[in-house]
Amino acid sequence: MSEGAAATPLVGREAELRRLTGMIDRVGDEGGGLVVRGEAGMGKSALLAAAAAIAAERGLRVLTAVGVQSEALLPYAGLHQLLHPLQAYDDRLPGPQRERLRAAFGMTDTTVPDLYLVALATLNLLAEVATRAPTLLVVDDAHWLDQASAQVLAFVARRLESEPVLLLAGIREGFASALDDMGLPAVALEGLPEAAAGSLLDLVAPGLAPGTRQRVLREAAGNPLALTELPRAWRELDGDAMLRTSWPPLTVRLEKAFGSRVAELPPATRALLLVAAVNDGSALSETLSAAARLGHGAGDQDLAPAVAARLVTASQGRIDFRHPLMRSAVYQAASLPQRHAAHAAIADVLAESSGGLPGDLADRETWHRAAAGSGPDDGVAAALDAIAARAQQRGVATLAVSALEQAARLSHDPRERAERLLRAADVSVELGDHDVVARLLRQTESLDLSPQQRTRVLWIRGAFDDGTGDHAVGPLALADLAETVAAEGDHERALRILWSAALRCFWVEPGPEARRRVVAAAEKLAVDRRHPQLLAILAYAAPIDRGSVVIDGLRQVTSQPVVDPQAARLLGTAAVLVGALDLAERLSAAALTGLRSHGRLQLLARALSARAWSAVLLVNLDVAIPAVHEAARLAQETGQPLMYGTALSTQALLAALRGERDHALALATEAERLSLTTGVRPVLATVQTARGMVALGEGRFAEAYDHLARMHDPADPSHHIALRCYVLGMLADAAAHSGNVGEGRVILAEMEAVARRTPSPALRAGLRLARPLLAGDSQAEALFEEALASDAERWPFARAQTQLAYGEWLRRRRRVSPARPLLRAARETFDALGAVPWSERARRQLRASGERSEQRSIGVRDKLTAQELQIVQLVAEGMTNREIGERLYVSHRTIGAHLYRIFPKLGITSRAELARSPMIGDAR
């Protein structure tokens with residue numbers, strides 16, 4: 001806790017404390033978390049300390065950590081502080097998870113795994129210890145946590161609902177934190193009401209003159225720390241001087257109040273406090289040794305005045321400031337040369353302690369050497385570069401960025417400076433921090449960049465939006481740059497640049513010339529023709545003109561197991577765009593296991609999204625439902641707005657297929673809202689498909705046609721050259737029933753021409769249905785028979801659509817006997833697939849033919865949520881709760897809680913019964 005705030009009596013916070021107490025009392029039934037926000041001195045620490053005391057009285061295990069500004073660059077420092085008391089319990093974790101935590105805390109030489117694997121191990125450790133006693137996590141000054149710790153705790157906080165674990169975090173207003181994005185409720189601490197402020201002031205400063213008391217109350221504005229600290233400053237001013245004083249903002253006033261207290265101290269004490277203020281450690285011996293190097297004999301006698309002035313505490317070999325503003329006041333009061341000297345003194349002490357050996361002490365020395373100098377220093381720059389390399393190896397991008405930026409500042413050679421800035425910007429992309437990337441790239445503008453470095457600037461600028469935002473860096477420019485890089489012999493980097501260009505061709509429409517240039521540049525590269533990234537580039541940039549090349553390449557590659565999960569993911573998305581949905585589902589599924597085990601949740605969200613989209617179009621709802629739910633959750637959690645919009649639009653498709661009209665339209669509207677301003681065509685096209693499906697399912701054929709036809713209009717923002725191939729059958733159905741046959745035939749002719757350029761299985765399936773629907777009576781029957789005679793086992797929904805359309809066509813011509821078997825077969829397929837609107841349409845047609853149908857039976861997928869369905873499927877595969885938890889990145893206790901809710905829904909009482917249930921076979 002920040003002790004200055006913690007020492008302030010808790011006056012006027014009774015309502016907030018009752019809320020925290022209520023959460024503590026309910027923790028055995030439901031976990032969760034709360035963020036306490038407020039300006040400096042508002043009593044966040046005091047409130048958290050009171051909650052911790054109440055939790056301890058009630059028998060909870062209380063774990064605490066405090067974010068320290070000087071440790072913000074030390075990866076997992078905050079997490080280690082929080083979990084250190086649980087070290088004795090880590091043997092309860094499976095071996096791999098135990099090793100992940102130990103690697104993150106520097107206890108082994110193992111490379112630190114992906115952050116999300118560390119987060120899962122943290123979650124499971126907390127779940128294990130909470131089985132003995134409910135646990136309270138208190139993180140004060142969380143805005144100063146290192147980025148890795150904050151991200152881990154944000155991950156954990158989202159998954160505490162079923163755990164007897166409560167997280168309370170204090171964050172200063174005006175500071176950003178990963179914990180802000182975790183969706184937890186928040187308490188905002190405002191200034192104390194007038195009566196409470198007066199009570200607190202009278203408690204801490206009794207006997208103030210009435211005028212002084214009123215001025216303090218007015219200037220403190222209800223801030224508890226100000227009410228505690230400002231009276232001391234007032235005692236030094238007479239009444240007239242007090243009234244003449246012009247007061248700056250409250251935080252500055254508090255710093256000045258603390259600063260005036262520092263100015264009264266002896267020189268040796270002031271030197272000691274400055275060293276403590278700039279130090280990134282809290283060891284008292286370290287601070288005393290460094291202060292002695294500044295020419296002051298520093299000992300306990302020099303520390304005593306600072307303790308007496310209530311600026312610091314010293315105990316158990318540590319020195320700590322009582323409040324962050326006190327540290328800031330000491331730092332601001334010192335001159336720049338004094339600060340440099342303090343950093344140099346600490347660096348010298350650390351150099352002696354490390355003995356020149358690599359490790360944390362040596363790294364800390366490097367940071368202080370960097371802060372001690374004002375000019376270039378290639379030796380320190382190289383050491384910072386090495387720190388960045390190790391940080392990247394440990395998966396701590398924030399530290400790597402800071403080290404590289406500092407290394408760039410200290411580099412003599414402008415080319416080396418540019419290279420380090422670009423590396424820092426490239427790493428910053430992983431963090432999703434637009435502002436940091438922009439700041440780093442601005443620093444390169446005055447430097448003489450090489451062609452490759454200019455390439456990287458353009459490449460990095462487009463990294464956040466896949467080219468949907470910065471049209472100045474379009475596919476043509478990237479293709480030119482890729483050719484320049486390839487001419488210099490770097491074909492792999494050229495391939496990566498062209499992948500960025502291809503993504504721009506997918507998300508927005510750059511025009512045929514840009515697509516041709518990207519393809520031409522890619523096909524000139526000296527790489528294997530079956531290189532996964534090359535096939536993906538061709539699929540994204542030219543899904544029609546290179547459809548045959550891509551499908552042939554995919555079939556060759558998949559003749560053997562695809563081991564690399566990243567390669568499988570790229571190939572899976574390529575298969576979606578060229579219409580090979582069977583390959584898309586297989587490849588995306590192959591990618592999932594590896595991406596999960598490596599903790600690559602950003603890429604996992606993309607692989608799940610591709611799998612969900614193909615599964616929805618194949619109407620494989622048992623795959624689509626859990627995949628799209630998880631894709632949306634992970635896309636949001638990993639900060640990928642384009643993928644989140646894609647998942648939302650896919651969920652809209654899924655809801656339309658299931659007959660959930662209102663849900664489908666709401667999802668479509670939200671996905672459109674997120675995508676319209678940036679013109680993200682795949683999302684907008686999927687939105688129109690979902691709306692068209694809803695209208696088609698309700699028999700509003702003219703409206704359905706209007707939605708679906710937009711995808712075929714090049715001037716419409718919903719036009720997409722690949723995704724339009726998937727809706728041809730539904731568009732023809734809508735056209736045939738709405739008086740749009742003529743327009744439908746024009747589109748059909750266009751797509752027949754497209755089919756002569758690509759072997760897309762999805763397009764061919766659509767054509768088989770569209771031809772008879774839009775043909776004249778003399779041709780329709782033969783075309784229906786031809787469609788049904790084709791090998792369409794991989795397209796059961798399309799085949800059932802054809803049976804339904806043919807049955808309707810026969811019934812309208814009063815040929816009821818041959819119509820009924822077709823309608824019956826269509827109904828049974830739609831029932832099995834869960835395509836409710838089409839099931840009901842087939843039933844209506846059967847009733848019109850004189851045959852009654854029973855209502856569709858309710859299946860497992862209708863009774864369960866998406867996550868419950870996924871858990872049921874994994875149980876049916878024989879996986880344990882712990883294995884399922886690792887697969888889904890939740891604790892095994894959470895899986896148990898889900899099963900507890902699932903059993904009554906399915907009318908069973910055990911997981912053994914669940915695995916044997918015939919209902920589950922349909923959901924696997």
# chains A, B, ... in the order shown; residues from 1 in each chain; ligands from 1
>>> select_by_dssp(residues="segment 363-409 of chain A", states="helix (DSSP H, G or I)", output="PyMOL selection string")
chain A and resi 363-372+378-393+397-409
>>> write_last_selection(atoms="N, CA and C atoms", output="tab-separated table (two decimals), in the first residue's frame")
chain	number	residue	atom	x	y	z
A	363	ASP	N	21.65	-5.46	-15.57
A	363	ASP	CA	20.64	-4.76	-16.37
A	363	ASP	C	20.24	-3.45	-15.70
A	364	ARG	N	20.08	-3.50	-14.38
A	364	ARG	CA	19.73	-2.28	-13.67
A	364	ARG	C	20.86	-1.25	-13.80
A	365	GLU	N	22.11	-1.71	-13.73
A	365	GLU	CA	23.23	-0.79	-13.92
A	365	GLU	C	23.13	-0.11	-15.28
A	366	THR	N	22.81	-0.88	-16.31
A	366	THR	CA	22.71	-0.33	-17.66
A	366	THR	C	21.66	0.78	-17.72
A	367	TRP	N	20.51	0.54	-17.12
A	367	TRP	CA	19.45	1.56	-17.14
A	367	TRP	C	19.92	2.83	-16.44
A	368	HIS	N	20.60	2.69	-15.33
A	368	HIS	CA	21.07	3.88	-14.61
A	368	HIS	C	22.19	4.58	-15.37
A	369	ARG	N	23.05	3.82	-16.04
A	369	ARG	CA	24.08	4.46	-16.88
A	369	ARG	C	23.40	5.29	-17.98
A	370	ALA	N	22.33	4.73	-18.54
A	370	ALA	CA	21.62	5.46	-19.60
A	370	ALA	C	21.01	6.75	-19.06
A	371	ALA	N	20.44	6.67	-17.85
A	371	ALA	CA	19.82	7.85	-17.26
A	371	ALA	C	20.84	8.88	-16.77
A	372	ALA	N	22.09	8.42	-16.54
A	372	ALA	CA	23.11	9.32	-15.99
A	372	ALA	C	23.76	10.17	-17.06
A	378	ASP	N	27.83	4.52	-27.12
A	378	ASP	CA	27.56	3.28	-27.86
A	378	ASP	C	27.66	2.04	-26.98
A	379	GLY	N	28.48	2.09	-25.95
A	379	GLY	CA	28.60	0.94	-25.06
A	379	GLY	C	27.31	0.69	-24.30
A	380	VAL	N	26.75	1.76	-23.74
A	380	VAL	CA	25.47	1.62	-23.02
A	380	VAL	C	24.36	1.26	-24.00
A	381	ALA	N	24.40	1.85	-25.20
A	381	ALA	CA	23.39	1.54	-26.20
A	381	ALA	C	23.40	0.05	-26.55
A	382	ALA	N	24.61	-0.51	-26.71
A	382	ALA	CA	24.71	-1.94	-27.02
A	382	ALA	C	24.17	-2.79	-25.88
A	383	ALA	N	24.43	-2.37	-24.63
A	383	ALA	CA	23.92	-3.12	-23.48
A	383	ALA	C	22.40	-3.06	-23.43
A	384	LEU	N	21.85	-1.89	-23.75
A	384	LEU	CA	20.38	-1.78	-23.81
A	384	LEU	C	19.81	-2.64	-24.92
A	385	ASP	N	20.50	-2.71	-26.05
A	385	ASP	CA	20.06	-3.55	-27.16
A	385	ASP	C	20.00	-5.01	-26.72
A	386	ALA	N	21.01	-5.41	-25.94
A	386	ALA	CA	21.03	-6.79	-25.44
A	386	ALA	C	19.87	-7.04	-24.48
A	387	ILE	N	19.55	-6.04	-23.64
A	387	ILE	CA	18.39	-6.16	-22.74
A	387	ILE	C	17.12	-6.34	-23.56
A	388	ALA	N	17.01	-5.58	-24.65
A	388	ALA	CA	15.82	-5.69	-25.51
A	388	ALA	C	15.70	-7.08	-26.12
A	389	ALA	N	16.83	-7.62	-26.54
A	389	ALA	CA	16.81	-8.96	-27.15
A	389	ALA	C	16.34	-10.00	-26.13
A	390	ARG	N	16.83	-9.88	-24.90
A	390	ARG	CA	16.41	-10.83	-23.86
A	390	ARG	C	14.94	-10.64	-23.51
A	391	ALA	N	14.50	-9.39	-23.50
A	391	ALA	CA	13.09	-9.12	-23.19
A	391	ALA	C	12.18	-9.73	-24.25
A	392	GLN	N	12.58	-9.61	-25.51
A	392	GLN	CA	11.78	-10.22	-26.57
A	392	GLN	C	11.74	-11.74	-26.42
A	393	GLN	N	12.87	-12.30	-26.03
A	393	GLN	CA	12.92	-13.75	-25.83
A	393	GLN	C	11.98	-14.15	-24.70
A	397	ALA	N	7.28	-7.40	-24.38
A	397	ALA	CA	7.47	-6.42	-25.44
A	397	ALA	C	7.70	-5.01	-24.91
A	398	THR	N	7.03	-4.64	-23.82
A	398	THR	CA	7.16	-3.28	-23.30
A	398	THR	C	8.60	-2.97	-22.92
A	399	LEU	N	9.24	-3.87	-22.24
A	399	LEU	CA	10.63	-3.66	-21.84
A	399	LEU	C	11.53	-3.56	-23.07
A	400	ALA	N	11.28	-4.40	-24.06
A	400	ALA	CA	12.09	-4.36	-25.28
A	400	ALA	C	11.96	-3.01	-25.98
A	401	VAL	N	10.75	-2.48	-26.04
A	401	VAL	CA	10.53	-1.18	-26.69
A	401	VAL	C	11.28	-0.08	-25.95
A	402	SER	N	11.16	-0.04	-24.63
A	402	SER	CA	11.84	1.00	-23.85
A	402	SER	C	13.35	0.92	-24.00
A	403	ALA	N	13.89	-0.30	-23.97
A	403	ALA	CA	15.33	-0.47	-24.10
A	403	ALA	C	15.82	-0.02	-25.47
A	404	LEU	N	15.09	-0.38	-26.50
A	404	LEU	CA	15.50	0.00	-27.87
A	404	LEU	C	15.39	1.50	-28.08
A	405	GLU	N	14.35	2.12	-27.53
A	405	GLU	CA	14.22	3.56	-27.70
A	405	GLU	C	15.37	4.30	-26.99
A	406	GLN	N	15.71	3.83	-25.78
A	406	GLN	CA	16.84	4.43	-25.08
A	406	GLN	C	18.14	4.17	-25.82
A	407	ALA	N	18.30	2.96	-26.37
A	407	ALA	CA	19.51	2.63	-27.13
A	407	ALA	C	19.63	3.52	-28.35
A	408	ALA	N	18.50	3.80	-29.00
A	408	ALA	CA	18.52	4.70	-30.16
A	408	ALA	C	18.98	6.09	-29.75
A	409	ARG	N	18.49	6.58	-28.63
A	409	ARG	CA	18.88	7.93	-28.15
A	409	ARG	C	20.38	8.02	-27.91
>>> residues_around(residues="segment 145-152 of chain A", least_positions_apart="4", cutoff="9 Å", atoms="only C-alpha atoms", output="short mmCIF file (atom, residue, chain, number, x, y, z; two decimals) with N, CA, C and O atoms, in the first residue's frame")
data_model
loop_
_atom_site.label_atom_id
_atom_site.label_comp_id
_atom_site.auth_asym_id
_atom_site.auth_seq_id
_atom_site.Cartn_x
_atom_site.Cartn_y
_atom_site.Cartn_z
N VAL A 66 2.09 -3.77 -4.88
CA VAL A 66 2.03 -2.33 -5.14
C VAL A 66 2.84 -2.05 -6.39
O VAL A 66 4.01 -2.44 -6.49
N GLY A 67 2.21 -1.39 -7.36
CA GLY A 67 2.95 -0.97 -8.53
C GLY A 67 3.95 0.10 -8.17
O GLY A 67 3.62 1.05 -7.45
N VAL A 68 5.17 -0.05 -8.64
CA VAL A 68 6.23 0.91 -8.35
C VAL A 68 6.75 1.46 -9.67
O VAL A 68 7.11 0.70 -10.56
N GLN A 69 6.76 2.77 -9.78
CA GLN A 69 7.13 3.40 -11.05
C GLN A 69 8.49 2.94 -11.54
O GLN A 69 8.68 2.69 -12.72
N GLU A 71 9.82 0.14 -11.18
CA GLU A 71 9.83 -1.27 -11.58
C GLU A 71 8.94 -1.52 -12.80
O GLU A 71 8.73 -2.67 -13.19
N ALA A 72 8.42 -0.46 -13.40
CA ALA A 72 7.48 -0.62 -14.50
C ALA A 72 8.12 -1.30 -15.71
O ALA A 72 7.40 -1.83 -16.57
N LEU A 73 9.45 -1.29 -15.79
CA LEU A 73 10.13 -1.92 -16.91
C LEU A 73 10.65 -3.31 -16.57
O LEU A 73 11.30 -3.95 -17.42
N LEU A 74 10.40 -3.78 -15.36
CA LEU A 74 10.88 -5.10 -14.97
C LEU A 74 9.77 -6.11 -15.22
O LEU A 74 8.76 -6.11 -14.50
N PRO A 75 9.89 -6.96 -16.22
CA PRO A 75 8.78 -7.86 -16.57
C PRO A 75 8.41 -8.80 -15.43
O PRO A 75 9.27 -9.39 -14.79
N TYR A 76 7.12 -8.88 -15.19
CA TYR A 76 6.53 -9.76 -14.17
C TYR A 76 6.93 -9.40 -12.74
O TYR A 76 6.72 -10.19 -11.82
N ALA A 77 7.49 -8.19 -12.54
CA ALA A 77 7.87 -7.79 -11.18
C ALA A 77 6.65 -7.72 -10.27
O ALA A 77 6.67 -8.20 -9.14
N GLY A 78 5.58 -7.09 -10.75
CA GLY A 78 4.37 -6.99 -9.94
C GLY A 78 3.74 -8.34 -9.67
O GLY A 78 3.28 -8.61 -8.55
N LEU A 79 3.71 -9.19 -10.67
CA LEU A 79 3.12 -10.52 -10.50
C LEU A 79 3.93 -11.34 -9.49
O LEU A 79 3.36 -12.04 -8.65
N HIS A 80 5.25 -11.22 -9.57
CA HIS A 80 6.11 -11.95 -8.62
C HIS A 80 5.87 -11.46 -7.20
O HIS A 80 5.80 -12.26 -6.25
N LEU A 115 2.92 -14.83 -22.98
CA LEU A 115 2.30 -14.24 -21.80
C LEU A 115 1.03 -14.97 -21.40
O LEU A 115 0.75 -15.15 -20.21
N TYR A 116 0.24 -15.43 -22.36
CA TYR A 116 -1.03 -16.06 -22.01
C TYR A 116 -0.84 -17.41 -21.34
O TYR A 116 -1.70 -17.88 -20.60
N VAL A 118 1.68 -17.94 -19.22
CA VAL A 118 1.97 -17.51 -17.85
C VAL A 118 0.66 -17.14 -17.14
O VAL A 118 0.45 -17.46 -15.97
N ALA A 119 -0.23 -16.47 -17.87
CA ALA A 119 -1.51 -16.07 -17.28
C ALA A 119 -2.34 -17.28 -16.89
O ALA A 119 -2.98 -17.30 -15.82
N LEU A 120 -2.36 -18.30 -17.73
CA LEU A 120 -3.13 -19.51 -17.40
C LEU A 120 -2.55 -20.20 -16.17
O LEU A 120 -3.29 -20.67 -15.29
N THR A 122 -0.95 -18.73 -13.76
CA THR A 122 -1.33 -17.88 -12.63
C THR A 122 -2.76 -18.15 -12.19
O THR A 122 -3.05 -18.30 -10.99
N LEU A 123 -3.65 -18.23 -13.15
CA LEU A 123 -5.06 -18.50 -12.83
C LEU A 123 -5.21 -19.84 -12.10
O LEU A 123 -5.91 -19.93 -11.09
N VAL A 139 -4.13 -4.99 -5.39
CA VAL A 139 -3.04 -4.40 -6.18
C VAL A 139 -3.21 -2.88 -6.14
O VAL A 139 -4.12 -2.33 -6.78
N ASP A 141 -1.77 1.11 -6.67
CA ASP A 141 -0.98 1.81 -7.70
C ASP A 141 -0.80 0.90 -8.92
O ASP A 141 0.30 0.79 -9.49
N VAL A 156 -6.58 -12.85 -15.87
CA VAL A 156 -7.11 -13.59 -14.72
C VAL A 156 -8.45 -13.01 -14.27
O VAL A 156 -9.40 -13.74 -13.98
N ALA A 157 -8.53 -11.67 -14.22
CA ALA A 157 -9.74 -11.02 -13.71
C ALA A 157 -10.97 -11.39 -14.51
O ALA A 157 -12.07 -11.49 -13.97
N SER A 177 -4.18 1.66 -17.82
CA SER A 177 -3.72 0.35 -17.33
C SER A 177 -4.45 -0.73 -18.09
O SER A 177 -5.63 -0.57 -18.46
N ALA A 178 -3.76 -1.86 -18.31
CA ALA A 178 -4.41 -3.00 -18.94
C ALA A 178 -5.59 -3.48 -18.10
O ALA A 178 -6.53 -4.07 -18.62
N LEU A 179 -5.55 -3.19 -16.81
CA LEU A 179 -6.65 -3.61 -15.93
C LEU A 179 -7.93 -2.83 -16.22
O LEU A 179 -9.02 -3.26 -15.85
N GLY A 395 9.26 -12.61 -24.05
CA GLY A 395 7.90 -12.22 -24.39
C GLY A 395 7.44 -10.95 -23.72
O GLY A 395 6.23 -10.74 -23.56
N VAL A 396 8.37 -10.09 -23.31
CA VAL A 396 8.00 -8.85 -22.61
C VAL A 396 8.27 -7.69 -23.55
O VAL A 396 9.34 -7.06 -23.54
N ALA A 397 7.28 -7.40 -24.38
CA ALA A 397 7.47 -6.42 -25.44
C ALA A 397 7.70 -5.01 -24.91
O ALA A 397 8.48 -4.24 -25.47
N THR A 398 7.03 -4.64 -23.82
CA THR A 398 7.16 -3.28 -23.30
C THR A 398 8.60 -2.97 -22.92
O THR A 398 9.11 -1.89 -23.24
N LEU A 399 9.24 -3.87 -22.24
CA LEU A 399 10.63 -3.66 -21.84
C LEU A 399 11.53 -3.56 -23.07
O LEU A 399 12.43 -2.72 -23.12
#
>>> residues_around(residues="Arg861 of chain A", least_positions_apart="4", cutoff="8 Å", atoms="only C-alpha atoms", output="MDAnalysis selection string")
chainID A and resid 622 865:866 869 923
>>> residues_around(residues="Tyr89 of chain A", least_positions_apart="3", cutoff="9 Å", atoms="only C-alpha atoms", output="ChimeraX atom specification")
/A:85-86,92-93,125,128-129
>>> write_last_selection(atoms="N, CA and C atoms", output="short mmCIF file (atom, residue, chain, number, x, y, z; two decimals), in the first residue's frame")
data_model
loop_
_atom_site.label_atom_id
_atom_site.label_comp_id
_atom_site.auth_asym_id
_atom_site.auth_seq_id
_atom_site.Cartn_x
_atom_site.Cartn_y
_atom_site.Cartn_z
N PRO A 85 4.22 -15.16 -1.98
CA PRO A 85 3.83 -15.98 -0.81
C PRO A 85 3.27 -17.36 -1.19
N LEU A 86 2.95 -17.58 -2.45
CA LEU A 86 2.37 -18.86 -2.88
C LEU A 86 3.42 -19.81 -3.45
N ARG A 92 1.55 -27.83 -6.79
CA ARG A 92 0.21 -28.34 -7.10
C ARG A 92 -0.13 -28.17 -8.58
N LEU A 93 0.65 -27.37 -9.26
CA LEU A 93 0.40 -27.16 -10.70
C LEU A 93 1.01 -28.29 -11.50
N LEU A 125 -2.91 -21.49 -10.41
CA LEU A 125 -2.30 -21.44 -9.09
C LEU A 125 -3.26 -20.81 -8.08
N GLU A 128 -6.04 -23.16 -7.26
CA GLU A 128 -5.60 -24.25 -6.37
C GLU A 128 -5.56 -23.78 -4.92
N VAL A 129 -4.92 -22.64 -4.66
CA VAL A 129 -4.79 -22.20 -3.26
C VAL A 129 -6.13 -21.75 -2.70
#
>>> atom_distance(atom1="atom CA of Glu492 of chain A", atom2="atom CA of Ala479 of chain A")
13.8 Å
>>> atom_distance(atom1="atom CA of Leu200 of chain A", atom2="atom CA of Ala226 of chain A")
10.7 Å
>>> closest_residue(among="A:Ala486, A:Val628, A:Ala789, A:Asp862", to="Arg658 of chain A", atoms="only C-alpha atoms")
A:Asp862
>>> closest_residue(among="A:Val138, A:Ala749, A:Leu581, A:Arg19", to="Ala49 of chain A", atoms="only C-alpha atoms")
A:Val138
>>> closest_residue(among="A:Ala55, A:Ala196, A:Asp280, A:Thr269", to="Leu167 of chain A", atoms="only C-alpha atoms")
A:Ala55
>>> closest_residue(among="A:Pro837, A:Gly699, A:Gly807, A:Pro714", to="Gly659 of chain A", atoms="only C-alpha atoms")
A:Pro837
>>> residues_around(residues="Leu604 of chain A", least_positions_apart="3", cutoff="9 Å", atoms="only C-alpha atoms", output="PyMOL selection string")
chain A and resi 569+591-592+595-596+599-601+607-609+631+634-635
>>> write_last_selection(atoms="C-alpha atoms", output="PDB file, in the first residue's frame")
ATOM      1  CA  ARG A 569      -3.721 -21.052 -40.187  1.00  0.00           C
ATOM      2  CA  ALA A 591      -3.856 -24.897 -36.535  1.00  0.00           C
ATOM      3  CA  LEU A 592      -5.832 -24.687 -33.305  1.00  0.00           C
ATOM      4  CA  LEU A 595      -1.693 -22.149 -31.381  1.00  0.00           C
ATOM      5  CA  ARG A 596      -3.387 -23.062 -28.104  1.00  0.00           C
ATOM      6  CA  GLY A 599      -0.375 -19.408 -26.142  1.00  0.00           C
ATOM      7  CA  ARG A 600      -0.727 -17.513 -29.448  1.00  0.00           C
ATOM      8  CA  LEU A 601      -4.175 -16.173 -28.642  1.00  0.00           C
ATOM      9  CA  ALA A 607      -7.865 -19.319 -36.935  1.00  0.00           C
ATOM     10  CA  LEU A 608     -11.105 -19.749 -34.999  1.00  0.00           C
ATOM     11  CA  SER A 609     -12.738 -17.009 -37.044  1.00  0.00           C
ATOM     12  CA  ALA A 631     -13.180 -16.164 -31.722  1.00  0.00           C
ATOM     13  CA  LEU A 634     -10.390 -13.737 -27.912  1.00  0.00           C
ATOM     14  CA  ALA A 635     -10.468 -11.056 -30.617  1.00  0.00           C
TER      15      ALA A 635
END
>>> residues_around(residues="Gln803 of chain A", least_positions_apart="5", cutoff="12 Å", atoms="only C-alpha atoms", output="NGL selection string")
:A and (768-769 or 772-773 or 781 or 784-789 or 792 or 796-798 or 808-811 or 818-830 or 838 or 842 or 845)
>>> atom_distance(atom1="atom CA of Leu284 of chain A", atom2="atom CA of Arg318 of chain A")
4.8 Å
>>> closest_residue(among="A:Ser675, A:Ser328, A:Thr880, A:Gln97", to="Leu899 of chain A", atoms="only C-alpha atoms")
A:Thr880
